[in-house]
Amino acid sequence: MFKKILIANRGEIAVRIIRACKELEIKTVAVYSDADRNAMHVMLADEAYHIGPPKPAESYLLKEKIIEVAKKSGAEAIHPGFGFLSENDSFAELCEKEGVVFIGPSAEAIRLMGDKITARKIAMKAKVPLVPGSDGAVTDVEASRVAEEIGYPVMIKASAGGGGKGMRLVNSEDEFEAALRMARSEASSSFGDDSVFVERFVQKPRHIEIQILGDKHGNVLHLFERECSIQRRHQKVIEEAPSGFISSKTRKKMGDVAVNIAKAVNYYGAGTVEFIMDQEENFFFLEMNTRIQVEHPVTEMITGLDIVKWMIRIADGEKLPFKQSSLKIKGHAVECRVYAEDPTMNFLPSPGTLQYIKAPAGPGIRDDSSMYSGYEITSYYDPMLSKLITWADTREEAIKKMKSALLEYIVLGVRTNIGFLIRVMDDEEFKKAEIDTGFIERHPELLNPQDIDNEPALIAAAMIMNNTISGDESVNGKATGSNWKLAARKMALRGSNEI
Amino acid sequence: MFKKILIANRGEIAVRIIRACKELEIKTVAVYSDADRNAMHVMLADEAYHIGPPKPAESYLLKEKIIEVAKKSGAEAIHPGFGFLSENDSFAELCEKEGVVFIGPSAEAIRLMGDKITARKIAMKAKVPLVPGSDGAVTDVEASRVAEEIGYPVMIKASAGGGGKGMRLVNSEDEFEAALRMARSEASSSFGDDSVFVERFVQKPRHIEIQILGDKHGNVLHLFERECSIQRRHQKVIEEAPSGFISSKTRKKMGDVAVNIAKAVNYYGAGTVEFIMDQEENFFFLEMNTRIQVEHPVTEMITGLDIVKWMIRIADGEKLPFKQSSLKIKGHAVECRVYAEDPTMNFLPSPGTLQYIKAPAGPGIRDDSSMYSGYEITSYYDPMLSKLITWADTREEAIKKMKSALLEYIVLGVRTNIGFLIRVMDDEEFKKAEIDTGFIERHPELLNPQDIDNEPALIAAAMIMNNTISGDESVNGKATGSNWKLAARKMALRGSNEI
Amino acid sequence: MTYTFKLKNQVYKVNIEEDEDINIVEIDGEQKEIRFTKVDSNLYSVIIDNESLTIGIFKKGKKIQVFYKGDLFEIEAISDRDGSKAGGPGTGLEIMSPMPSRIVKILKEQGDKVEEEEPVVVVEAMKMESELKAPSTGKIKEIKVSEGDTVEEGTILVTLSPE
Amino acid sequence: MTYTFKLKNQVYKVNIEEDEDINIVEIDGEQKEIRFTKVDSNLYSVIIDNESLTIGIFKKGKKIQVFYKGDLFEIEAISDRDGSKAGGPGTGLEIMSPMPSRIVKILKEQGDKVEEEEPVVVVEAMKMESELKAPSTGKIKEIKVSEGDTVEEGTILVTLSPE
């Protein structure tokens, strides 16, 4: 087994990977940007190296520098997490060239699946149903023509995209031009490539995906499905496993198909085959993510497998010791992504210093986070505060547990989506699993409810006005957050500490 | 199902019960002493009532007052947790008389099992092997005679005892008198009853116990065993399920016997039958605890059952929907009790204000705690900071996970046993499950190790002396802890807020 | 002492009296007993009659933010004079930056007519582009920023004049 | 600047120099680069060369407490004068209360001879009784408390005179 691994990432996924390494008795090497000197992944790792300024392009995306740190520190392998270099085939290639193991699939598999158009072709060959759409990247004129042909609503998607960036839903012709412009602009700034394609928008679509695990000996298994239909801005917010909707027959069919796609590219490591599904359980291939995914914990909870540990073991050449038939679903798991954002303002990010944060705990509750009181959420990176996961015997119990856990979550200093998530857990349609990716848009009352109990707020306000309690200590610099700021300022004065 | 439950307890077990209630959509009523106004169980409950000064005898042990609060608040049932009134048959009786459901077994079952001598007789009748010893409470003279007869080492135990209080191991005749005096004195101050009995001390004994769950319809099941052999001052510190030692044959035999004892007293609710076991897997009945136990989480982790929720459902009259044959052990769980105590001073409690506390989190980690930064550990109550539980596929992985989690635990402001627990997880004998209740005494090097890396400590000291960093902010009253103290002082000035 | 608050465009009056050991609050004509204790800098455990809540409280000038059960409430304390004229600043005739962001595109020019909800500015923050829309129908009075500018939370980007 | 520390009865010398942006520490003849940043009041993230640690630090007069990896280290800063005579107060000829507790029983009287490790006082704290034992062989010089007294941490209960 590896003795030391470098984690080329930050935030909760870096923390998640470091924890897995520690449990495997592997030493961990963190890298960090100027903005992350205080980050939890730095604190938890055995070693930490500074790699540059906050902007990802000048730190977390520096392939050569990261490999240089790996070699300097004696790390034998690199885990890329998600985002950043995780789906960058040239980084995987460079690792191989430099004699460092890339913990993920082959560069070839990343390349094939990374381009959506090639991926569609592979899926087609593997006889997986596809959503009707343009046959690859299109010019503005072609895009408009294809949209006309397949009929509105249509989706515009960045060819190099992922995570909702460079993606736009267009309901009618007159919206098309503006949407195309913004999609291209986002695609360009996010991926450095403004090519897009167009496809039919499936009505009331569900997002269902299959977790894949393959080893370097040709074994590929699936760990069942996750349903991630609750999305905002085309990004997943609530995920669960198993889906509360699909039949075991569909589950098996999707699993088989996903394994076939993975085998078509000699896949090893963890990966996810994403499908869009209509309300009649027809499913269409969306894309394959060739990396660990944000929502992997729900699958871990229902299978008892540690996917991150298996990625490491697979990279080390280990054979998967279990067979498809020995894998069983136990219970139900739900994940909520707790964000620093304002649901009343269309989920606008809300950066700031976490004056106080207290996560829920107890049986069946898992909090994957890299936050602590005093930590500052900057606008450089994703404003996710935590992935809160609950597990219980049944979907109903897992949802009740999630509601109870969310009610315990205290976050002061930034706006969060916690209240919104609580209301989703209470929603009758959600409880009945009557969900699709339009769920949030259909339920504006969950974002900004009118019937909320505001009496305690008024009482608290009266107490503060009466000077019975003081609410402005943060201003006096006594609070943790402000101490942190002081330290940060001191740091800044001392200059950065480059390696 | 009940609409509202009163929790007649404090600390982590009160928090644990409140969480279970919330997930069952039952409203919760907390009671609190002056020392607990800031306690987490008060913050998490839906309602909270003050019941008296810090001393348990003047608050948490006030049967009538607690029942009065239950009635006033409309609570239909009372969960007693462990300790306090949990094994008080007259409280269970009073509840029944006043029309409030006692969440636990019948007053009769508590009474029969509460007296160790009666319990021994019941066990004898059920043909459970017993440790040789005195036939009930003894005078000083009889005690000495019995000790001679059965041969040293002997144990002196309080008849009304539990949790190691009023318990003394005596290795030879000349220690006997002093030990007897101290056992009686502790028994008297802890239980108001100084009667003791004497029994043979089993060499290299393991502590193995069986978790019982029975309903009001005559069904009694066991949820397998827990091994709790790692003890200090006769109190469990590390528990695990299943035992890393016993064979499945012994497991079955112990389970059957435990169910038999429970059935002999028409037991319902959750209970634990405790055994002492020698290194040849011979086991002897110790006692039955007629309540939820501190270490119940390890059983929950390997069975997937929520014991506290089942206690509530059983009290409500629900039938157990599963059979013994459908219960299976999945994986392995370890629990460490994190205490505010000083292992280098024979585990002396270390009260004080928690200036900072950060619990580990992530997959397979459960932290059952009622602590937060700024909370004060008083000397009124047990100094337990947390029950940290890890679950993994195998015992080896669960232990590695525990070590990794303990290394993440940060507690500032009091002394803790965390370093000691980390060293146990690294101990070769512990890893091989070669343990018994004398483990800690045999391993003084785990308490006060000599080969520890103290370089970072010296570097930190140099930085502080150089005023590079400041280590005395707590003195200036800026830290959370001191803010808390200020608030507490203000509280005290304002007088208590009795109902 | 009686205070007047504005919360989500509704006005409330709350009376609070400090008794010997507890506070009595009158709200909506109902009296409640309040017991509270501090947990952390801006965090309090509050018992209203016997209902227990953990509440985060911040004060920023006349604005008070209160957090509990996952939601943040923003309350404005209004003195009696303010109360009578109501409204005050923030007339709804401006487009503010809701967070630190970069101005990607300005879609209108000074003097342009805009409909309510019509996009006026495109900003980027945390790698997401968002359109900021006109709060009401009117004319663009002044554009205070340029494309490429980086702005703080609360910066007024564009002012409108009513039609 | 060089500091002398006592830790578990061993004396160490540590030299620290503040460079432009990092600190250089010399310990056991080895030089290390130290980078640190504050996490909370008494909590620091420290990188020693490239080894990362999260360290809690408290200063109480000349005593320094450092916490990491589950253990608490107690360090005494000694000036050069102290260094030469060594030892200082706490001669091992007294029995101190290790925590706030109640005196249950005093087992010896003034003038009694005691062996090392012989129980002298029984105290109760957090419902547990503990025996406090003689740190060395000697005679009971003075008993400073009575049965039933409540004492603070660090209170000297009994003093001994060497034999």
# chains A, B, ... in the order shown; residues from 1 in each chain; ligands from 1
call {"tool": "residues_around", "arguments": {"residues": "range 45-48 of chain D", "least_positions_apart": "6", "cutoff": "7 Å", "atoms": "only C-alpha atoms", "output": "PyMOL selection string"}}
result
(chain A and resi 43) or (chain D and resi 32-39+54-55)
call {"tool": "write_last_selection", "arguments": {"atoms": "C-alpha atoms", "output": "PDB file, in the first residue's frame"}}
result
ATOM      1  CA  MET A  43      -4.741  21.294   9.765  1.00  0.00           C
TER       2      MET A  43
ATOM      3  CA  LYS D  32      13.336  24.134  11.821  1.00  0.00           C
ATOM      4  CA  GLU D  33      11.152  26.579   9.947  1.00  0.00           C
ATOM      5  CA  ILE D  34       7.934  27.456  11.718  1.00  0.00           C
ATOM      6  CA  ARG D  35       4.823  28.856  10.059  1.00  0.00           C
ATOM      7  CA  PHE D  36       1.733  29.402  12.157  1.00  0.00           C
ATOM      8  CA  THR D  37      -1.698  30.916  11.985  1.00  0.00           C
ATOM      9  CA  LYS D  38      -4.392  31.447  14.554  1.00  0.00           C
ATOM     10  CA  VAL D  39      -7.544  29.350  14.435  1.00  0.00           C
ATOM     11  CA  THR D  54      -3.032  21.867  15.326  1.00  0.00           C
ATOM     12  CA  ILE D  55      -1.861  23.071  18.704  1.00  0.00           C
TER      13      ILE D  55
END
call {"tool": "closest_atom_pairs", "arguments": {"of": "chain A", "to": "chain B", "cutoff": "9 Å", "atoms": "only C-alpha atoms", "output": "tab-separated table"}}
result
residue	atom	partner	partner_atom	distance
A:Val15	CA	B:Gly362	CA	8.9
A:Arg16	CA	B:Gly362	CA	7.0
A:Arg19	CA	B:Ser404	CA	7.3
A:Ala20	CA	B:Lys401	CA	8.6
A:Lys22	CA	B:Ser404	CA	6.0
A:Glu23	CA	B:Lys401	CA	5.2
A:Leu24	CA	B:Lys400	CA	7.5
A:Glu25	CA	B:Lys400	CA	7.9
A:Leu44	CA	B:Glu408	CA	7.4
A:Pro297	CA	B:Pro363	CA	7.7
A:Glu300	CA	B:Pro363	CA	8.2
A:Met301	CA	B:Pro363	CA	8.2
A:Gly304	CA	B:Asp393	CA	7.5
A:Leu305	CA	B:Asp393	CA	8.1
A:Asp306	CA	B:Pro363	CA	7.9
A:Gly331	CA	B:Gly304	CA	8.7
A:Lys358	CA	B:Tyr372	CA	8.3
A:Ala361	CA	B:Asp367	CA	6.1
A:Gly362	CA	B:Asp368	CA	5.3
A:Pro363	CA	B:Arg366	CA	6.4
A:Gly364	CA	B:Arg366	CA	7.8
A:Ile365	CA	B:Arg366	CA	7.3
A:Arg366	CA	B:Gly362	CA	5.9
A:Asp367	CA	B:Gly362	CA	5.9
A:Asp368	CA	B:Gly362	CA	5.3
A:Ser369	CA	B:Gly362	CA	8.0
A:Tyr372	CA	B:Lys358	CA	8.3
A:Ala392	CA	B:Gly304	CA	7.9
A:Asp393	CA	B:Gly304	CA	7.5
A:Glu397	CA	B:Glu23	CA	7.2
A:Ala398	CA	B:Glu23	CA	8.7
A:Ile399	CA	B:Glu23	CA	8.8
A:Lys400	CA	B:Glu23	CA	5.3
A:Lys401	CA	B:Glu23	CA	5.1
A:Met402	CA	B:Glu23	CA	8.4
A:Lys403	CA	B:Glu23	CA	8.0
A:Ser404	CA	B:Lys22	CA	6.0
A:Ala405	CA	B:Arg19	CA	8.3
A:Glu408	CA	B:Leu44	CA	7.4
A:Lys478	CA	B:Lys478	CA	5.9
A:Ala479	CA	B:Lys478	CA	7.9
A:Thr480	CA	B:Thr480	CA	7.9
call {"tool": "residues_around", "arguments": {"residues": "range 94-106 of chain D", "least_positions_apart": "2", "cutoff": "8 Å", "atoms": "only C-alpha atoms", "output": "PDB file with N, CA, C and O atoms, in the first residue's frame"}}
result
ATOM      1  N   LEU B 348      -8.122  11.204  37.693  1.00  0.00           N
ATOM      2  CA  LEU B 348      -8.866  12.165  38.508  1.00  0.00           C
ATOM      3  C   LEU B 348      -9.681  13.090  37.609  1.00  0.00           C
ATOM      4  O   LEU B 348      -9.151  13.608  36.631  1.00  0.00           O
ATOM      5  N   PRO B 349     -10.933  13.327  37.962  1.00  0.00           N
ATOM      6  CA  PRO B 349     -11.747  14.251  37.161  1.00  0.00           C
ATOM      7  C   PRO B 349     -11.091  15.628  37.063  1.00  0.00           C
ATOM      8  O   PRO B 349     -10.417  16.066  37.994  1.00  0.00           O
ATOM      9  N   SER B 350     -11.270  16.289  35.938  1.00  0.00           N
ATOM     10  CA  SER B 350     -10.678  17.599  35.701  1.00  0.00           C
ATOM     11  C   SER B 350     -11.765  18.589  35.285  1.00  0.00           C
ATOM     12  O   SER B 350     -11.959  18.856  34.110  1.00  0.00           O
ATOM     13  N   PRO B 351     -12.512  19.107  36.260  1.00  0.00           N
ATOM     14  CA  PRO B 351     -13.572  20.045  35.894  1.00  0.00           C
ATOM     15  C   PRO B 351     -12.988  21.352  35.366  1.00  0.00           C
ATOM     16  O   PRO B 351     -11.803  21.623  35.550  1.00  0.00           O
ATOM     17  N   SER B 379     -18.259  20.044  38.965  1.00  0.00           N
ATOM     18  CA  SER B 379     -17.991  18.818  39.712  1.00  0.00           C
ATOM     19  C   SER B 379     -19.273  18.196  40.241  1.00  0.00           C
ATOM     20  O   SER B 379     -19.241  17.234  40.983  1.00  0.00           O
TER      21      SER B 379
ATOM     22  N   GLY D  90       7.573  23.181  45.329  1.00  0.00           N
ATOM     23  CA  GLY D  90       7.026  21.846  45.081  1.00  0.00           C
ATOM     24  C   GLY D  90       8.095  20.817  45.357  1.00  0.00           C
ATOM     25  O   GLY D  90       8.535  20.100  44.481  1.00  0.00           O
ATOM     26  N   THR D  91       8.547  20.735  46.592  1.00  0.00           N
ATOM     27  CA  THR D  91       9.689  19.895  46.944  1.00  0.00           C
ATOM     28  C   THR D  91       9.295  18.434  47.109  1.00  0.00           C
ATOM     29  O   THR D  91      10.124  17.612  47.435  1.00  0.00           O
ATOM     30  N   GLY D  92       8.031  18.149  46.905  1.00  0.00           N
ATOM     31  CA  GLY D  92       7.622  16.756  47.063  1.00  0.00           C
ATOM     32  C   GLY D  92       7.377  16.395  48.515  1.00  0.00           C
ATOM     33  O   GLY D  92       7.210  15.227  48.851  1.00  0.00           O
ATOM     34  N   LYS D 108      -4.063  10.022  59.222  1.00  0.00           N
ATOM     35  CA  LYS D 108      -2.860  10.138  60.071  1.00  0.00           C
ATOM     36  C   LYS D 108      -2.987  11.346  60.988  1.00  0.00           C
ATOM     37  O   LYS D 108      -3.824  12.232  60.748  1.00  0.00           O
ATOM     38  N   GLU D 109      -2.139  11.385  61.976  1.00  0.00           N
ATOM     39  CA  GLU D 109      -2.098  12.555  62.847  1.00  0.00           C
ATOM     40  C   GLU D 109      -0.726  13.205  62.764  1.00  0.00           C
ATOM     41  O   GLU D 109       0.230  12.596  62.308  1.00  0.00           O
ATOM     42  N   VAL D 120      -2.857   8.836  53.163  1.00  0.00           N
ATOM     43  CA  VAL D 120      -2.876   9.811  54.246  1.00  0.00           C
ATOM     44  C   VAL D 120      -4.240  10.491  54.358  1.00  0.00           C
ATOM     45  O   VAL D 120      -4.778  10.673  55.438  1.00  0.00           O
ATOM     46  N   VAL D 121      -4.805  10.847  53.204  1.00  0.00           N
ATOM     47  CA  VAL D 121      -6.086  11.555  53.200  1.00  0.00           C
ATOM     48  C   VAL D 121      -7.027  10.876  52.205  1.00  0.00           C
ATOM     49  O   VAL D 121      -6.592  10.426  51.145  1.00  0.00           O
ATOM     50  N   VAL D 122      -8.320  10.782  52.582  1.00  0.00           N
ATOM     51  CA  VAL D 122      -9.326  10.308  51.641  1.00  0.00           C
ATOM     52  C   VAL D 122     -10.163  11.511  51.215  1.00  0.00           C
ATOM     53  O   VAL D 122     -10.692  12.233  52.067  1.00  0.00           O
ATOM     54  N   VAL D 123     -10.229  11.773  49.915  1.00  0.00           N
ATOM     55  CA  VAL D 123     -11.041  12.889  49.436  1.00  0.00           C
ATOM     56  C   VAL D 123     -12.157  12.366  48.529  1.00  0.00           C
ATOM     57  O   VAL D 123     -12.067  11.265  47.994  1.00  0.00           O
ATOM     58  N   GLU D 124     -13.181  13.171  48.412  1.00  0.00           N
ATOM     59  CA  GLU D 124     -14.273  12.816  47.506  1.00  0.00           C
ATOM     60  C   GLU D 124     -14.467  13.932  46.486  1.00  0.00           C
ATOM     61  O   GLU D 124     -14.502  15.105  46.855  1.00  0.00           O
ATOM     62  N   ALA D 125     -14.539  13.551  45.234  1.00  0.00           N
ATOM     63  CA  ALA D 125     -14.806  14.535  44.187  1.00  0.00           C
ATOM     64  C   ALA D 125     -15.612  13.846  43.119  1.00  0.00           C
ATOM     65  O   ALA D 125     -15.328  12.709  42.755  1.00  0.00           O
ATOM     66  N   MET D 126     -16.610  14.492  42.627  1.00  0.00           N
ATOM     67  CA  MET D 126     -17.486  13.917  41.608  1.00  0.00           C
ATOM     68  C   MET D 126     -17.953  12.527  42.023  1.00  0.00           C
ATOM     69  O   MET D 126     -17.948  11.593  41.221  1.00  0.00           O
ATOM     70  N   LEU D 132      -5.298   9.933  48.872  1.00  0.00           N
ATOM     71  CA  LEU D 132      -4.088  10.672  48.519  1.00  0.00           C
ATOM     72  C   LEU D 132      -2.953  10.096  49.356  1.00  0.00           C
ATOM     73  O   LEU D 132      -3.075   9.920  50.572  1.00  0.00           O
ATOM     74  N   LYS D 133      -1.861   9.779  48.695  1.00  0.00           N
ATOM     75  CA  LYS D 133      -0.793   9.035  49.351  1.00  0.00           C
ATOM     76  C   LYS D 133       0.437   9.907  49.612  1.00  0.00           C
ATOM     77  O   LYS D 133       0.628  10.934  48.956  1.00  0.00           O
ATOM     78  N   ALA D 134       1.250   9.474  50.549  1.00  0.00           N
ATOM     79  CA  ALA D 134       2.480  10.196  50.875  1.00  0.00           C
ATOM     80  C   ALA D 134       3.429  10.105  49.682  1.00  0.00           C
ATOM     81  O   ALA D 134       3.674   9.010  49.166  1.00  0.00           O
ATOM     82  N   PRO D 135       3.984  11.243  49.224  1.00  0.00           N
ATOM     83  CA  PRO D 135       4.885  11.229  48.079  1.00  0.00           C
ATOM     84  C   PRO D 135       6.245  10.613  48.408  1.00  0.00           C
ATOM     85  O   PRO D 135       6.964  10.163  47.529  1.00  0.00           O
ATOM     86  N   VAL D 145      -6.018  20.835  57.031  1.00  0.00           N
ATOM     87  CA  VAL D 145      -7.476  20.803  56.799  1.00  0.00           C
ATOM     88  C   VAL D 145      -8.144  19.862  57.792  1.00  0.00           C
ATOM     89  O   VAL D 145      -7.473  19.089  58.491  1.00  0.00           O
ATOM     90  N   SER D 146      -9.461  19.944  57.858  1.00  0.00           N
ATOM     91  CA  SER D 146     -10.238  19.056  58.720  1.00  0.00           C
ATOM     92  C   SER D 146     -11.196  18.236  57.877  1.00  0.00           C
ATOM     93  O   SER D 146     -11.557  18.628  56.762  1.00  0.00           O
ATOM     94  N   GLU D 147     -11.646  17.125  58.437  1.00  0.00           N
ATOM     95  CA  GLU D 147     -12.626  16.298  57.735  1.00  0.00           C
ATOM     96  C   GLU D 147     -13.877  17.127  57.480  1.00  0.00           C
ATOM     97  O   GLU D 147     -14.315  17.887  58.348  1.00  0.00           O
ATOM     98  N   GLY D 148     -14.416  16.977  56.255  1.00  0.00           N
ATOM     99  CA  GLY D 148     -15.614  17.742  55.898  1.00  0.00           C
ATOM    100  C   GLY D 148     -15.307  19.031  55.154  1.00  0.00           C
ATOM    101  O   GLY D 148     -16.190  19.598  54.515  1.00  0.00           O
ATOM    102  N   ASP D 149     -14.075  19.494  55.213  1.00  0.00           N
ATOM    103  CA  ASP D 149     -13.699  20.716  54.489  1.00  0.00           C
ATOM    104  C   ASP D 149     -13.841  20.534  52.980  1.00  0.00           C
ATOM    105  O   ASP D 149     -13.661  19.435  52.453  1.00  0.00           O
ATOM    106  N   THR D 150     -14.169  21.617  52.321  1.00  0.00           N
ATOM    107  CA  THR D 150     -14.159  21.621  50.863  1.00  0.00           C
ATOM    108  C   THR D 150     -12.946  22.424  50.422  1.00  0.00           C
ATOM    109  O   THR D 150     -12.718  23.522  50.916  1.00  0.00           O
ATOM    110  N   VAL D 151     -12.147  21.869  49.534  1.00  0.00           N
ATOM    111  CA  VAL D 151     -10.907  22.542  49.153  1.00  0.00           C
ATOM    112  C   VAL D 151     -10.800  22.710  47.644  1.00  0.00           C
ATOM    113  O   VAL D 151     -11.406  21.973  46.876  1.00  0.00           O
ATOM    114  N   GLU D 152     -10.052  23.714  47.254  1.00  0.00           N
ATOM    115  CA  GLU D 152      -9.810  24.006  45.843  1.00  0.00           C
ATOM    116  C   GLU D 152      -8.670  23.148  45.311  1.00  0.00           C
ATOM    117  O   GLU D 152      -7.904  22.578  46.088  1.00  0.00           O
ATOM    118  N   GLU D 153      -8.524  23.128  43.976  1.00  0.00           N
ATOM    119  CA  GLU D 153      -7.393  22.474  43.341  1.00  0.00           C
ATOM    120  C   GLU D 153      -6.106  23.150  43.829  1.00  0.00           C
ATOM    121  O   GLU D 153      -6.046  24.372  43.953  1.00  0.00           O
ATOM    122  N   GLY D 154      -5.127  22.354  44.158  1.00  0.00           N
ATOM    123  CA  GLY D 154      -3.812  22.887  44.525  1.00  0.00           C
ATOM    124  C   GLY D 154      -3.664  23.263  45.991  1.00  0.00           C
ATOM    125  O   GLY D 154      -2.589  23.690  46.413  1.00  0.00           O
ATOM    126  N   THR D 155      -4.738  23.108  46.763  1.00  0.00           N
ATOM    127  CA  THR D 155      -4.630  23.392  48.188  1.00  0.00           C
ATOM    128  C   THR D 155      -3.679  22.388  48.841  1.00  0.00           C
ATOM    129  O   THR D 155      -3.762  21.185  48.593  1.00  0.00           O
ATOM    130  N   ILE D 156      -2.761  22.880  49.657  1.00  0.00           N
ATOM    131  CA  ILE D 156      -1.872  21.967  50.380  1.00  0.00           C
ATOM    132  C   ILE D 156      -2.620  21.450  51.598  1.00  0.00           C
ATOM    133  O   ILE D 156      -3.098  22.228  52.436  1.00  0.00           O
ATOM    134  N   LEU D 157      -2.775  20.130  51.659  1.00  0.00           N
ATOM    135  CA  LEU D 157      -3.580  19.534  52.730  1.00  0.00           C
ATOM    136  C   LEU D 157      -2.706  19.133  53.910  1.00  0.00           C
ATOM    137  O   LEU D 157      -3.071  19.315  55.064  1.00  0.00           O
ATOM    138  N   VAL D 158      -1.567  18.549  53.585  1.00  0.00           N
ATOM    139  CA  VAL D 158      -0.690  17.994  54.620  1.00  0.00           C
ATOM    140  C   VAL D 158       0.757  18.284  54.203  1.00  0.00           C
ATOM    141  O   VAL D 158       1.081  18.174  53.023  1.00  0.00           O
ATOM    142  N   THR D 159       1.597  18.696  55.162  1.00  0.00           N
ATOM    143  CA  THR D 159       3.018  18.813  54.834  1.00  0.00           C
ATOM    144  C   THR D 159       3.785  17.733  55.594  1.00  0.00           C
ATOM    145  O   THR D 159       3.364  17.273  56.662  1.00  0.00           O
ATOM    146  N   LEU D 160       4.864  17.302  55.006  1.00  0.00           N
ATOM    147  CA  LEU D 160       5.688  16.250  55.601  1.00  0.00           C
ATOM    148  C   LEU D 160       7.061  16.825  55.925  1.00  0.00           C
ATOM    149  O   LEU D 160       7.500  17.810  55.325  1.00  0.00           O
TER     150      LEU D 160
END
call {"tool": "interface_residues", "arguments": {"of": "chain C", "to": "chain A", "cutoff": "6 Å", "atoms": "only C-alpha atoms", "output": "ChimeraX atom specification"}}
result
/C:41-42,57-59,66,69-71,126
call {"tool": "residues_around", "arguments": {"residues": "Leu180 in chain B", "least_positions_apart": "3", "cutoff": "8 Å", "atoms": "only C-alpha atoms", "output": "list in words"}}
result
Asp140, Ile156, Arg168, Phe176, Glu177, Ala183 and Arg184 of chain B
call {"tool": "residues_around", "arguments": {"residues": "Gly104 in chain A", "least_positions_apart": "6", "cutoff": "8 Å", "atoms": "only C-alpha atoms", "output": "PyMOL selection string"}}
result
chain A and resi 79-80+86+268-270+290-291+311+315
call {"tool": "write_last_selection", "arguments": {"atoms": "N, CA, C and O atoms", "output": "short mmCIF file (atom, residue, chain, number, x, y, z; two decimals), in the first residue's frame"}}
result
data_model
loop_
_atom_site.label_atom_id
_atom_site.label_comp_id
_atom_site.auth_asym_id
_atom_site.auth_seq_id
_atom_site.Cartn_x
_atom_site.Cartn_y
_atom_site.Cartn_z
N HIS A 79 -4.40 12.10 -5.02
CA HIS A 79 -5.86 11.99 -5.13
C HIS A 79 -6.37 13.37 -5.51
O HIS A 79 -6.17 14.33 -4.79
N PRO A 80 -7.07 13.46 -6.65
CA PRO A 80 -7.48 14.79 -7.12
C PRO A 80 -8.82 15.27 -6.57
O PRO A 80 -9.19 16.42 -6.81
N SER A 86 -9.40 16.96 -11.29
CA SER A 86 -9.89 15.58 -11.19
C SER A 86 -10.26 14.97 -12.53
O SER A 86 -10.19 13.76 -12.69
N TYR A 268 -11.52 2.01 -14.46
CA TYR A 268 -11.21 1.58 -13.09
C TYR A 268 -11.26 2.78 -12.15
O TYR A 268 -11.20 3.92 -12.59
N GLY A 269 -11.39 2.52 -10.87
CA GLY A 269 -11.61 3.58 -9.89
C GLY A 269 -13.10 3.79 -9.69
O GLY A 269 -13.92 2.96 -10.09
N ALA A 270 -13.45 4.92 -9.05
CA ALA A 270 -14.86 5.25 -8.83
C ALA A 270 -15.32 6.17 -9.94
O ALA A 270 -14.58 7.04 -10.38
N THR A 290 -15.88 11.01 -14.23
CA THR A 290 -14.77 10.07 -14.04
C THR A 290 -13.97 10.40 -12.77
O THR A 290 -12.75 10.58 -12.81
N ARG A 291 -14.71 10.50 -11.65
CA ARG A 291 -14.09 10.95 -10.39
C ARG A 291 -15.04 10.61 -9.25
O ARG A 291 -16.16 10.16 -9.49
N MET A 311 -11.09 3.60 -3.82
CA MET A 311 -10.35 4.28 -4.89
C MET A 311 -8.84 4.13 -4.67
O MET A 311 -8.08 3.88 -5.61
N ALA A 315 -6.25 1.99 -6.95
CA ALA A 315 -5.07 2.64 -7.54
C ALA A 315 -3.80 1.87 -7.18
O ALA A 315 -2.84 1.84 -7.94
#
call {"tool": "select_by_dssp", "arguments": {"residues": "range 2-150 of chain A", "states": "alpha helix (DSSP H)", "output": "NGL selection string"}}
result
:A and (11-23 or 40-44 or 63-73 or 89-97 or 107-114 or 116-125 or 140-150)
call {"tool": "select_by_dssp", "arguments": {"residues": "range 30-62 of chain D", "states": "strand (DSSP E)", "output": "ChimeraX atom specification"}}
result
/D:30-40,43-48,51-60
call {"tool": "atom_distance", "arguments": {"atom1": "CA of Pro54 in chain B", "atom2": "CA of Ala35 in chain B"}}
result
5.2 Å
call {"tool": "atom_distance", "arguments": {"atom1": "CA of Glu280 in chain A", "atom2": "CA of Ile117 in chain A"}}
result
26.2 Å
